[in-house]
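With PDB, C-alpha atoms, pLDDT in the B column inside, this is upload-v9.pdb:
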MODEL        1
ATOM      1  CA  MET A   1      76.972 134.284   1.198  1.00 44.00           C
ATOM      2  CA  THR A   2      76.052 136.292   4.263  1.00 47.00           C
ATOM      3  CA  GLU A   3      77.112 139.952   4.292  1.00 53.00           C
ATOM      4  CA  GLY A   4      80.104 139.338   2.034  1.00 50.00           C
ATOM      5  CA  ARG A   5      81.300 136.198   3.884  1.00 51.00           C
ATOM      6  CA  PRO A   6      80.903 132.708   2.488  1.00 49.00           C
ATOM      7  CA  THR A   7      78.599 130.521   4.530  1.00 48.00           C
ATOM      8  CA  ARG A   8      79.993 127.275   5.900  1.00 59.00           C
ATOM      9  CA  ASN A   9      78.910 124.061   4.338  1.00 84.00           C
ATOM     10  CA  THR A  10      78.559 121.555   7.166  1.00 82.00           C
ATOM     11  CA  GLU A  11      78.366 118.518   4.895  1.00 85.00           C
ATOM     12  CA  ARG A  12      81.392 119.578   2.878  1.00 87.00           C
ATOM     13  CA  THR A  13      83.405 120.097   6.077  1.00 87.00           C
ATOM     14  CA  ARG A  14      82.222 116.791   7.521  1.00 91.00           C
ATOM     15  CA  ARG A  15      83.169 114.997   4.284  1.00 91.00           C
ATOM     16  CA  ALA A  16      86.620 116.632   4.260  1.00 92.00           C
ATOM     17  CA  VAL A  17      87.206 115.563   7.871  1.00 93.00           C
ATOM     18  CA  LEU A  18      86.051 111.983   7.214  1.00 93.00           C
ATOM     19  CA  ASP A  19      88.256 111.713   4.123  1.00 92.00           C
ATOM     20  CA  ALA A  20      91.259 113.153   5.958  1.00 93.00           C
ATOM     21  CA  ALA A  21      90.657 110.965   9.013  1.00 92.00           C
ATOM     22  CA  THR A  22      90.434 107.860   6.834  1.00 89.00           C
ATOM     23  CA  GLN A  23      93.773 108.647   5.202  1.00 88.00           C
ATOM     24  CA  VAL A  24      95.487 109.492   8.489  1.00 89.00           C
ATOM     25  CA  ILE A  25      94.138 106.329  10.129  1.00 87.00           C
ATOM     26  CA  LEU A  26      95.304 104.253   7.142  1.00 83.00           C
ATOM     27  CA  GLU A  27      98.766 105.760   7.563  1.00 82.00           C
ATOM     28  CA  LYS A  28      99.078 105.922  11.366  1.00 81.00           C
ATOM     29  CA  GLY A  29      96.507 103.496  12.774  1.00 77.00           C
ATOM     30  CA  ALA A  30      93.610 104.185  15.112  1.00 72.00           C
ATOM     31  CA  ALA A  31      95.877 105.933  17.638  1.00 78.00           C
ATOM     32  CA  VAL A  32      95.576 109.021  15.463  1.00 85.00           C
ATOM     33  CA  THR A  33      95.062 112.330  17.254  1.00 90.00           C
ATOM     34  CA  LEU A  34      92.396 114.918  16.596  1.00 93.00           C
ATOM     35  CA  GLY A  35      95.158 117.421  15.876  1.00 93.00           C
ATOM     36  CA  GLN A  36      96.609 115.222  13.120  1.00 94.00           C
ATOM     37  CA  VAL A  37      93.194 114.846  11.501  1.00 94.00           C
ATOM     38  CA  ALA A  38      92.382 118.565  11.851  1.00 94.00           C
ATOM     39  CA  THR A  39      95.669 119.465  10.159  1.00 94.00           C
ATOM     40  CA  ALA A  40      95.093 116.977   7.343  1.00 94.00           C
ATOM     41  CA  ALA A  41      91.517 118.217   6.843  1.00 93.00           C
ATOM     42  CA  GLY A  42      92.481 121.883   6.969  1.00 92.00           C
ATOM     43  CA  VAL A  43      90.149 122.650   9.874  1.00 92.00           C
ATOM     44  CA  SER A  44      90.725 123.757  13.427  1.00 91.00           C
ATOM     45  CA  LYS A  45      90.733 121.185  16.200  1.00 92.00           C
ATOM     46  CA  SER A  46      87.731 122.949  17.794  1.00 91.00           C
ATOM     47  CA  GLY A  47      85.934 122.801  14.425  1.00 88.00           C
ATOM     48  CA  LEU A  48      86.612 119.078  14.215  1.00 90.00           C
ATOM     49  CA  ILE A  49      85.288 118.588  17.770  1.00 92.00           C
ATOM     50  CA  HIS A  50      82.201 120.613  16.822  1.00 89.00           C
ATOM     51  CA  HIS A  51      81.420 118.053  14.089  1.00 90.00           C
ATOM     52  CA  PHE A  52      82.435 114.838  15.852  1.00 92.00           C
ATOM     53  CA  GLY A  53      82.655 115.487  19.595  1.00 91.00           C
ATOM     54  CA  SER A  54      85.598 113.250  20.433  1.00 92.00           C
ATOM     55  CA  ARG A  55      88.301 111.090  18.926  1.00 91.00           C
ATOM     56  CA  ASP A  56      86.264 107.921  19.532  1.00 91.00           C
ATOM     57  CA  GLN A  57      83.225 109.467  17.842  1.00 93.00           C
ATOM     58  CA  LEU A  58      85.384 110.471  14.879  1.00 93.00           C
ATOM     59  CA  VAL A  59      86.900 106.993  14.540  1.00 90.00           C
ATOM     60  CA  THR A  60      83.428 105.449  14.790  1.00 92.00           C
ATOM     61  CA  ALA A  61      82.168 107.837  12.100  1.00 93.00           C
ATOM     62  CA  VAL A  62      85.108 106.833   9.878  1.00 91.00           C
ATOM     63  CA  VAL A  63      84.293 103.139  10.349  1.00 89.00           C
ATOM     64  CA  GLN A  64      80.639 103.832   9.496  1.00 92.00           C
ATOM     65  CA  ASP A  65      81.617 105.878   6.444  1.00 91.00           C
ATOM     66  CA  VAL A  66      84.064 103.275   5.123  1.00 88.00           C
ATOM     67  CA  HIS A  67      81.434 100.552   5.413  1.00 89.00           C
ATOM     68  CA  GLU A  68      78.749 102.700   3.771  1.00 92.00           C
ATOM     69  CA  ARG A  69      81.025 103.634   0.862  1.00 89.00           C
ATOM     70  CA  PHE A  70      81.943  99.997   0.393  1.00 89.00           C
ATOM     71  CA  ARG A  71      78.277  98.972   0.410  1.00 92.00           C
ATOM     72  CA  GLU A  72      77.565 101.619  -2.240  1.00 91.00           C
ATOM     73  CA  ALA A  73      80.483 100.338  -4.332  1.00 89.00           C
ATOM     74  CA  VAL A  74      79.179  96.781  -4.168  1.00 92.00           C
ATOM     75  CA  LEU A  75      75.635  97.843  -5.014  1.00 93.00           C
ATOM     76  CA  ALA A  76      77.006  99.764  -8.012  1.00 91.00           C
ATOM     77  CA  HIS A  77      78.414  96.414  -9.243  1.00 91.00           C
ATOM     78  CA  LEU A  78      75.116  94.576  -8.708  1.00 93.00           C
ATOM     79  CA  ASP A  79      73.797  93.296 -12.029  1.00 93.00           C
ATOM     80  CA  LEU A  80      70.031  93.059 -11.666  1.00 90.00           C
ATOM     81  CA  SER A  81      69.798  91.163 -14.958  1.00 93.00           C
ATOM     82  CA  GLU A  82      71.545  88.166 -13.368  1.00 90.00           C
ATOM     83  CA  ASN A  83      68.538  86.074 -12.445  1.00 86.00           C
ATOM     84  CA  TYR A  84      70.364  83.203 -10.794  1.00 90.00           C
ATOM     85  CA  PRO A  85      71.864  82.579  -7.340  1.00 93.00           C
ATOM     86  CA  GLY A  86      74.932  84.496  -6.194  1.00 94.00           C
ATOM     87  CA  LYS A  87      74.054  87.952  -7.550  1.00 95.00           C
ATOM     88  CA  MET A  88      75.147  89.857  -4.426  1.00 96.00           C
ATOM     89  CA  LEU A  89      78.259  87.732  -3.946  1.00 96.00           C
ATOM     90  CA  ARG A  90      79.324  88.424  -7.535  1.00 96.00           C
ATOM     91  CA  ALA A  91      78.860  92.172  -6.969  1.00 95.00           C
ATOM     92  CA  TYR A  92      81.019  91.844  -3.834  1.00 94.00           C
ATOM     93  CA  ILE A  93      83.742  90.106  -5.863  1.00 94.00           C
ATOM     94  CA  ARG A  94      83.586  92.754  -8.592  1.00 93.00           C
ATOM     95  CA  ALA A  95      83.979  95.557  -6.034  1.00 91.00           C
ATOM     96  CA  LEU A  96      86.828  93.909  -4.132  1.00 90.00           C
ATOM     97  CA  CYS A  97      88.705  92.584  -7.129  1.00 88.00           C
ATOM     98  CA  ALA A  98      88.346  95.635  -9.342  1.00 79.00           C
ATOM     99  CA  GLY A  99      92.118  95.936  -9.596  1.00 60.00           C
ATOM    100  CA  SER A 100      91.939  99.628 -10.399  1.00 55.00           C
ATOM    101  CA  SER A 101      93.067 102.699  -8.566  1.00 49.00           C
ATOM    102  CA  ASP A 102      89.473 103.858  -8.220  1.00 48.00           C
ATOM    103  CA  ALA A 103      88.577 100.930  -5.975  1.00 62.00           C
ATOM    104  CA  ASP A 104      89.071 103.199  -2.947  1.00 63.00           C
ATOM    105  CA  ALA A 105      86.087 101.877  -1.009  1.00 65.00           C
ATOM    106  CA  ALA A 106      87.385  98.298  -1.222  1.00 69.00           C
ATOM    107  CA  ARG A 107      90.891  99.440  -0.290  1.00 68.00           C
ATOM    108  CA  ASP A 108      89.654 101.291   2.765  1.00 68.00           C
ATOM    109  CA  LEU A 109      87.433  98.426   3.898  1.00 69.00           C
ATOM    110  CA  THR A 110      90.072  95.735   3.562  1.00 66.00           C
ATOM    111  CA  SER A 111      92.600  97.995   5.304  1.00 65.00           C
ATOM    112  CA  ALA A 112      90.292  98.490   8.281  1.00 59.00           C
ATOM    113  CA  ALA A 113      91.352  95.193   9.825  1.00 54.00           C
ATOM    114  CA  THR A 114      94.905  96.470  10.041  1.00 56.00           C
ATOM    115  CA  TRP A 115      93.983  99.667  11.883  1.00 62.00           C
ATOM    116  CA  THR A 116      95.649  99.028  15.217  1.00 60.00           C
ATOM    117  CA  GLY A 117      93.225  99.464  18.115  1.00 73.00           C
ATOM    118  CA  LEU A 118      90.192 100.126  15.940  1.00 77.00           C
ATOM    119  CA  HIS A 119      88.038  97.481  17.579  1.00 78.00           C
ATOM    120  CA  ALA A 120      89.061  98.634  21.045  1.00 83.00           C
ATOM    121  CA  ILE A 121      86.513 101.416  20.611  1.00 87.00           C
ATOM    122  CA  PRO A 122      83.212  99.703  21.461  1.00 91.00           C
ATOM    123  CA  ALA A 123      81.070 101.878  19.187  1.00 92.00           C
ATOM    124  CA  ALA A 124      83.429 101.338  16.229  1.00 88.00           C
ATOM    125  CA  ALA A 125      83.450  97.579  16.840  1.00 87.00           C
ATOM    126  CA  ALA A 126      79.641  97.587  16.990  1.00 92.00           C
ATOM    127  CA  VAL A 127      79.431  99.392  13.641  1.00 91.00           C
ATOM    128  CA  ALA A 128      81.785  96.871  12.022  1.00 87.00           C
ATOM    129  CA  GLN A 129      79.800  93.950  13.492  1.00 90.00           C
ATOM    130  CA  GLU A 130      76.517  95.460  12.307  1.00 94.00           C
ATOM    131  CA  HIS A 131      77.801  95.743   8.739  1.00 91.00           C
ATOM    132  CA  SER A 132      79.290  92.257   8.790  1.00 89.00           C
ATOM    133  CA  ALA A 133      75.912  90.907   9.923  1.00 94.00           C
ATOM    134  CA  TRP A 134      74.184  92.844   7.124  1.00 96.00           C
ATOM    135  CA  TRP A 135      76.497  91.245   4.534  1.00 94.00           C
ATOM    136  CA  SER A 136      75.929  87.805   6.027  1.00 93.00           C
ATOM    137  CA  GLU A 137      72.161  88.332   5.753  1.00 95.00           C
ATOM    138  CA  GLN A 138      72.421  89.533   2.150  1.00 95.00           C
ATOM    139  CA  PHE A 139      74.566  86.587   1.143  1.00 95.00           C
ATOM    140  CA  ALA A 140      72.261  84.127   2.926  1.00 94.00           C
ATOM    141  CA  LEU A 141      69.399  85.442   0.770  1.00 93.00           C
ATOM    142  CA  ASP A 142      71.568  85.049  -2.327  1.00 89.00           C
ATOM    143  CA  GLY A 143      70.712  81.385  -2.909  1.00 91.00           C
ATOM    144  CA  LEU A 144      74.161  79.813  -2.534  1.00 93.00           C
ATOM    145  CA  SER A 145      75.367  77.436   0.161  1.00 93.00           C
ATOM    146  CA  ALA A 146      76.880  78.939   3.297  1.00 93.00           C
ATOM    147  CA  GLU A 147      80.134  77.070   2.633  1.00 93.00           C
ATOM    148  CA  ARG A 148      80.477  78.436  -0.897  1.00 93.00           C
ATOM    149  CA  ILE A 149      79.675  81.965   0.299  1.00 95.00           C
ATOM    150  CA  GLN A 150      82.288  81.756   3.048  1.00 94.00           C
ATOM    151  CA  ILE A 151      85.053  80.512   0.771  1.00 94.00           C
ATOM    152  CA  VAL A 152      84.350  82.942  -2.074  1.00 95.00           C
ATOM    153  CA  ARG A 153      83.743  85.936   0.210  1.00 94.00           C
ATOM    154  CA  ARG A 154      86.944  85.423   2.183  1.00 92.00           C
ATOM    155  CA  ALA A 155      88.954  84.696  -0.962  1.00 93.00           C
ATOM    156  CA  ALA A 156      87.780  87.968  -2.550  1.00 92.00           C
ATOM    157  CA  GLU A 157      88.709  89.843   0.631  1.00 89.00           C
ATOM    158  CA  GLY A 158      92.104  88.129   0.577  1.00 87.00           C
ATOM    159  CA  VAL A 159      92.735  89.164  -3.026  1.00 87.00           C
ATOM    160  CA  ALA A 160      91.871  92.780  -2.142  1.00 85.00           C
ATOM    161  CA  THR A 161      94.244  92.668   0.827  1.00 82.00           C
ATOM    162  CA  ALA A 162      97.028  91.186  -1.321  1.00 83.00           C
ATOM    163  CA  VAL A 163      96.529  94.031  -3.788  1.00 79.00           C
ATOM    164  CA  LEU A 164      97.073  96.502  -0.926  1.00 77.00           C
ATOM    165  CA  LEU A 165     100.287  94.765  -0.004  1.00 77.00           C
ATOM    166  CA  GLY A 166     101.476  94.932  -3.608  1.00 79.00           C
ATOM    167  CA  ASP A 167     101.448  91.155  -3.955  1.00 80.00           C
ATOM    168  CA  GLU A 168      99.190  91.044  -7.019  1.00 80.00           C
ATOM    169  CA  ASP A 169      99.554  92.471 -10.501  1.00 84.00           C
ATOM    170  CA  ALA A 170      96.688  93.358 -12.835  1.00 84.00           C
ATOM    171  CA  ALA A 171      96.757  89.980 -14.602  1.00 89.00           C
ATOM    172  CA  SER A 172      96.623  87.949 -11.380  1.00 89.00           C
ATOM    173  CA  ILE A 173      93.819  90.122 -10.012  1.00 88.00           C
ATOM    174  CA  GLU A 174      91.799  89.620 -13.197  1.00 90.00           C
ATOM    175  CA  SER A 175      92.446  85.879 -13.085  1.00 92.00           C
ATOM    176  CA  ALA A 176      91.358  85.618  -9.444  1.00 92.00           C
ATOM    177  CA  ARG A 177      88.293  87.752 -10.131  1.00 92.00           C
ATOM    178  CA  ARG A 178      87.257  85.575 -13.074  1.00 93.00           C
ATOM    179  CA  LEU A 179      87.703  82.351 -11.113  1.00 93.00           C
ATOM    180  CA  LEU A 180      85.818  83.685  -8.079  1.00 95.00           C
ATOM    181  CA  LEU A 181      82.965  84.902 -10.294  1.00 94.00           C
ATOM    182  CA  GLU A 182      82.758  81.416 -11.815  1.00 93.00           C
ATOM    183  CA  LEU A 183      82.678  79.833  -8.377  1.00 93.00           C
ATOM    184  CA  ALA A 184      79.962  82.286  -7.309  1.00 94.00           C
ATOM    185  CA  THR A 185      77.936  81.342 -10.370  1.00 89.00           C
ATOM    186  CA  ASP A 186      77.903  77.589 -10.756  1.00 71.00           C
ATOM    187  CA  GLY A 187      80.485  76.256  -8.360  1.00 65.00           C
ATOM    188  CA  THR A 188      82.925  74.922 -10.902  1.00 63.00           C
ATOM    189  CA  PHE A 189      85.821  76.434 -12.754  1.00 56.00           C
ATOM    190  CA  SER A 190      85.462  76.243 -16.525  1.00 59.00           C
ATOM    191  CA  THR A 191      89.101  77.259 -16.806  1.00 55.00           C
ATOM    192  CA  PRO A 192      91.589  74.604 -15.690  1.00 50.00           C
ATOM    193  CA  LEU A 193      93.515  75.683 -12.617  1.00 47.00           C
TER     194      LEU A 193
ENDMDL
END
Once more with this new file: its structure as structure tokens, please.
Amino acid sequence: MTEGRPTRNTERTRRAVLDAATQVILEKGAAVTLGQVATAAGVSKSGLIHHFGSRDQLVTAVVQDVHERFREAVLAHLDLSENYPGKMLRAYIRALCAGSSDADAARDLTSAATWTGLHAIPAAAAVAQEHSAWWSEQFALDGLSAERIQIVRRAAEGVATAVLLGDEDAASIESARRLLLELATDGTFSTPL
């Protein structure tokens, strides 16, 4: 507090704006306005511009934030005791196919592809490409074949997208997760399909 007034917390404000912008973009697409985000975040438009500069910079920051939160979610699912190939891929599956309401990072990441116009912003597209390359590098180091990684990775992303669309119930998500984890472990399904 400074002379009876609360001091501003830049990080708290930035976080509130990023969270609000993510939600507004998920609802309205990348054509969102700074005014809509400012209203949702409970800040002034000039305050929002102070933190992010422009709409494109804000959208790029949202893309960066969504990817970073997803990476953190995957790393939280990484089981370092698994001393066999596919460790990172299995963590990726666990994060995407969590099937719970607290899988926000996976929801936001898999929704990003549906954000109309998102990749029309060169800096936002570059951030998404950079993160995709990082995942490709991590999976390549994971000790599984490129073909297996591609199939399992894209299937896990597809399950997460289907969850967003309401096409999967808890039992089907758990079944898909179990089967994908098996495929990311030894390449065969112990459970008959």
Distance criterion (all atoms listed in the file): nearest to Lys87 in chain A out of A:Glu174, A:Asp169, A:Asp142, A:Asp19: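 Among the listed residues, the smallest separation from Lys87 in chain A belongs to A:Asp142.
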Running the PyMOL selection byres ((chain A and resi 173) around 12) on this model by hand, what would come out? Give it as an NGL selection string. :A and (93-100 or 155-164 or 166-172 or 174-180)
Counting only C-alpha atoms, I want the residues whose atoms come within 9 Å of (71.3, 75.4, -10.6) in the file frame, returned as a VMD selection string. chain A and resid 84 to 85 185 to 186
Please provide as an MDAnalysis selection string all residues within 12 Å of Thr10 in chain A, with the sequence filter that same-chain residues fewer than 4 positions apart are discarded (counting only C-alpha atoms). chainID A and resid 14:17 43 47:48 50:52
Starting from the displayed file, determine the output of the PyMOL selection byres ((chain A and resi 184) around 7) and express the residue list as a PyMOL selection string. chain A and resi 86+89-90+152+180-183+185-187
Quick one: residues within 8 Å of Val24 in chain A, all atoms listed in the file counted, chain neighbours fewer than 6 positions away excluded, as number ranges by chain? A: 32, 36-37, 40
Between A:Ala21, A:Leu26, A:Ala38, A:Val63, which one has atoms that come closest to Ala126 in chain A, using all atoms listed in the file? A:Val63
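The two atoms in question, CA of His77 in chain A and CA of Ala125 in chain A, are spaced 26.6 Å apart.
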Name the residues in contact with Gln64 in chain A at a cut-off of 10 Å, using all atoms listed in the file, excluding same-chain residues fewer than 2 positions from it; report them as a PyMOL selection string. chain A and resi 58-62+66-70+123-124+126-128+130-131
Centre and edge lengths of an axis-aligned box around all listed atoms of range 158-168 of chain A, with 8 Å added on each side, are to be given in Å to one decimal, as AutoDock Vina command-line options.
--center_x 96.7 --center_y 92.3 --center_z -3.1 --size_x 25.6 --size_y 24.4 --size_z 23.8
Between CA of Ile121 in chain A and CA of Ser54 in chain A, what is the distance, to one decimal in Å? 11.9 Å
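Interatomic distance, CA of Ala30 in chain A to CA of Leu75 in chain A: 27.7 Å.
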Let me make sure I understand: among A:Ala91, A:Glu11, A:Gln150, A:Pro122, which one has the smallest atom-to-atom distance to Gln57 in chain A if we use all atoms listed in the file? A:Pro122
Of the candidates A:Asp65, A:Gly53, A:Ser46, A:Trp134, which one gets nearest to Thr22 in chain A if we count all atoms listed in the file?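 Of all the options, A:Asp65 lies closest to Thr22 in chain A.
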With all atoms listed in the file as the atoms that count, which of A:Leu118, A:Met88, A:Leu80, A:Ala31 lies nearest to Gly143 in chain A?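 That would be A:Met88, the residue with the smallest distance to Gly143 in chain A.
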From A:Leu78, A:Ala73, A:Ser145, A:Gly117, residue lying nearest Gly29 in chain A [only C-alpha atoms]: A:Gly117
